[in-house]
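S.K.: Sharing a structure with you now.
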Amino acid sequence: MASGSAFKTENVRNVVMVGHGGSGKTTLIDAIAFTCGTSKRRGRVEDGNALTMTTPEEVDHGMSMQVTVGHAVWEGTKINLIDTPGYMDFVGETTAGVRVADAAVVTVSAQAGVEVGTEMVWKLCDDRSLPRMVFVSMMDKDNANFERVYKEVKDLLAPSAIPVEIPIGSGDGFRGIVNLFSKRAHIYKSGTQTGEYTEEDIPEELADQVSNWGTELMETLATTDEALLDRYLEGEEITREEAIEAMALAVGRGDVIPVFCGSAETSYGVRALTRKIVELFPSPAEAGPVAATADGEDVELRPTDDETAAALVFKTSAEPHVGELSYFRVFSGMVTNGSELRNSTRRASERINHLAIPQGKDRVDVDGIRAGDIGVVAKLKSTHTNDTLCAPSRPVTLPGVEFPSADISVAVRGASRADEDKLGEVLNKLHEEDPTFSAQFNPELRQTIARGLGELHLDVQFERMKRKYGVTVETEQPKIAYRETLLGAAEGQGRFKKQSGGRGQFGDCWIRLKPRARGEGYTFQNSIKGGVIPSKYVPSVDRGIQEAAQKG
């Protein structure tokens with residue numbers, strides 16, 4: 001395991017990559033990390049070795065299934081790249097990634113355009129008011145169409161979307177981009193692995209298009225600042241530095257959604273996107289204070305190192321030979337090796353050792369994690385997903401991830417007696433890693449019912465169960481609990497007689513049942529006169545009626 005250094009809060013960007021499944025998020029993260037030199041090996045989703053593909057299930061299915069964090073360092077700024085699934089079966093993982101991000105890159109396929117998953121993740125970002133930029137990916141594929149996709153983004157997602165670069169060619173002919181800030185063409189070197197390019201004049205066939213969209217870009221930026229607008233209307237030129245500063249402010253407020261384009265597979269456009277992530281997205285310090293509660297009262301935590309520590313665990317996973325890993329974001333203060341933190345959610349203490357920053361399935365050891373950064377720690381005793389770790393001197397609780405409710409259920413049983421014996425324990429471990437998956441035994445049905453967000457979600461959990469814990473399950477449809485209710489008055493007699501020597505035992509009791517109005521529930525009325533049935537036996541009659549009603 002390598003070792004690294006902690007980054008100051010102002011030099012951190014927490015960016016979640018979201019988009020429909022197959023729109024290129026994982027490939028883009030791998031390309032950014034490799035282009036920056038933070039990752040030494042270029043991976044491919046098709047080969048199962050992309051940076052943030054960390055589980056055999058992801059490799060087998062060829063898609064992201066859990067939130068995974070990698071990072072890249074660009075000119076002294078650390079970019080935490082949070083990879084998320086794009087399919088609805090795993091939206092809980094995406095929700096967790098969005099919760100700990102300060103900004104989002106939304107990938108949209110240049111072939112397919114805006115899809116149902118794109119709209120789903122856009123709403124998740126809306127719910128947290130995240131600044132965003134759009135990356136139109138796969139410009140090197142057949143039928144790629146930047147203008148069509150841009151129109152869909154503008155019509156379906158964000159009327160404030162504006163291109164900041166346009167492609168030169170598409171499909172096999174995609175060879176560069178025009179930067180609308182510099183009004184220069186970036187022509188990519190053939191065979192480049194890290195997006196090297198040469199700057200050239202704008203191709204003549206794009207001159208009019210560049211002029212029109214360049215004017216629209218500057219007009220949009222000018223309207224975000226009165227001083228800039230006055231200068232623009234007076235015919236003064238807005239410099240690139242002024243335009244970038246105005247764009248950053250507008251992006252932070254959500255007033256503008258910049259649109260980029262490129263091909264992560266060939267690394268075309270990756271350098272420009274990475275540079276703009278650093279220039280346009282806010283650091284945790286710029287994102288401002290975060291809300292928390294302390295002793296039932298609302299408080300604000302400043303994202304600075306001198307504040308008391310507070311961190312949210314947003315992901316838990318288990319690794320062989322390592323144990324449970326807790327991924328967390330520090331929202332205030334600093335977490336250091338050897339420190340003791342309070343789990344305010346479970347009222348337990350945790351000793352922090354072996355701190356690291358995540359890089360896909362690898363980890364880079366550090367001495368401390370500063371405010372705003374993301375880290376991982378192993379073998380916490382009592383901490384689980386959505387728990388808050390904080391300084392013992394100031395217990396606070398951070399709002400957790402709002403995981404979606406399960407949509408589908410199936411009955412499971414162990415394939416063998418040995419599997420059945422371990423089933424309950426293993427199901428709980430899977431829930432710890434993925435809170436959207438749950439299972440419990442239903443005594444009425446006499447079945448163990450597993451619940452998840454879709455058939456694929458459940459299938460993957462059962463694959464993981466077999467791989468990690470050696471437990472195989474069989475599935476079946478959950479039984480239906482048929483229940484009856486009273487429609488009219490009735491009465492019945494219960495008689496008990498036992499001769500065991502001496503006087504023996506005898507009991508005789510009548511009960512009357514009458515229906516009540518819907519929703520009024522159950523009531524018991526004792527109508528015994530003169531102590532015919534001693535009062536000490538009456539509660540047993542009440543309990544017996546309720547137990548019989550449960551069984552039908």
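By convention here, the chains of the structure tokens are called A, B, ... in the order presented, each chain's residues are numbered starting at 1, and ligands are numbered starting at 1 in the order presented.
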Residues of region 318-379 of chain A within 10 Å of region 398-407 of chain A: nearest atom pair and distance (Å, one decimal) for each, counting only C-alpha atoms, sorted by chain and number, as a Markdown table?
M.R.:
| residue | atom | partner | partner_atom | distance |
| --- | --- | --- | --- | --- |
| A:Phe331 | CA | A:Leu398 | CA | 8.9 |
| A:Ser344 | CA | A:Leu398 | CA | 9.3 |
| A:Thr345 | CA | A:Leu398 | CA | 9.2 |
S.K.: Go ahead and save the picked residues with C-alpha atoms, as a CSV table (one decimal), in the first residue's frame.
M.R.:
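Generated output (selection23.csv):
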chain,number,residue,atom,x,y,z
A,331,PHE,CA,-17.3,17.6,6.9
A,344,SER,CA,-22.9,9.7,17.9
A,345,THR,CA,-25.4,7.5,16.1
S.K.: Counting only C-alpha atoms, what is within 12 Å of region 203-209 of chain A, bar same-chain residues fewer than 2 positions away, as a list in words?
M.R.: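 Those residues are Glu147, Pro163, Glu165, Ile166, Pro167, Ile168, Gly169, Arg175, Gly176, Ile177, Val178, Asn179, Leu180, Lys183, Arg184, Ala185, His186, Ile187, Glu199, Glu200, Asp201, Ser211, Asn212, Trp213, Gly214, Thr215 and Glu216 of chain A.
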S.K.: If you run DSSP on the backbone here, which positions in region 166-324 of chain A get helix (DSSP H, G or I)? Please write them as an NGL selection string.
M.R.: :A and (171-173 or 204-222 or 226-233 or 240-253 or 270-280 or 284-287)
S.K.: Just checking: using only C-alpha atoms, which residue out of A:Thr84, A:Thr266, A:Ser317, A:Thr220 ends up closest to Gly43 (chain A)?
M.R.: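 The answer is A:Thr266, which sits nearest to Gly43 (chain A).
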S.K.: Do a neighbour search on region 308-311 of chain A at 12 Å with only C-alpha atoms, toss out local chain neighbours closer than 4 positions, and write the hits as a PyMOL selection string.
M.R.: chain A and resi 100+290-294+300-304+326-336+339-345+368-377+383+385-400
S.K.: Would you list the contacts of region 420-423 of chain A as a list in words, taking every protein, DNA or RNA residue within 12 Å and counting only C-alpha atoms, but skipping same-chain residues closer than 2 positions in sequence?
M.R.: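 The neighbour list is Val412, Arg413, Gly414, Ala415, Ser416, Arg417, Ala418, Glu425, Val426, Leu427, Asn428, Lys429, Leu430, Ala439, Gln440, Phe441, Gln447, Thr448, Ile449, Ala450, Phe462, Met465, Lys466, Tyr469, Gly470, Val471, Thr472, Val473 and Glu474 of chain A.
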S.K.: Apply DSSP to the backbone of this structure and, from region 284-352 of chain A, keep only the residues in strand (DSSP E or B); write these as a ChimeraX atom specification.
M.R.: /A:290-294,297-301,310-319,323-332,335-336,340-343,348-351
S.K.: Enter the distance from CA of Ser540 (chain A) to CA of Glu491 (chain A), in Å, rounded to one decimal.
M.R.: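 Computed distance, CA of Ser540 (chain A) to CA of Glu491 (chain A), equals 17.9 Å.
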S.K.: Would you mind listing what lies within 12 Å of Tyr537 (chain A) as JSON, numbers by chain, with only C-alpha atoms counted and same-chain residues fewer than 4 positions away left out?
M.R.: {"A": [507, 508, 509, 526, 528, 531, 532, 533, 541, 542, 543, 544]}
S.K.: Need the shell around Ala246 (chain A): protein/DNA/RNA residues with any atom at most 8 Å away, counting only C-alpha atoms. Skip same-chain ones fewer than 3 positions apart. Format as a count of residues only?
M.R.: 8
S.K.: In Å, with one decimal, what is the gap from CA of Met65 (chain A) to CA of Lys40 (chain A)?
M.R.: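 Result for CA of Met65 (chain A) versus CA of Lys40 (chain A): 23.9 Å, one decimal.
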S.K.: Of the candidates A:Glu307, A:Glu432, A:Asn353, A:Val136, which shows the shortest atom-to-atom distance to Glu324 (chain A), using only C-alpha atoms?
M.R.: A:Glu432
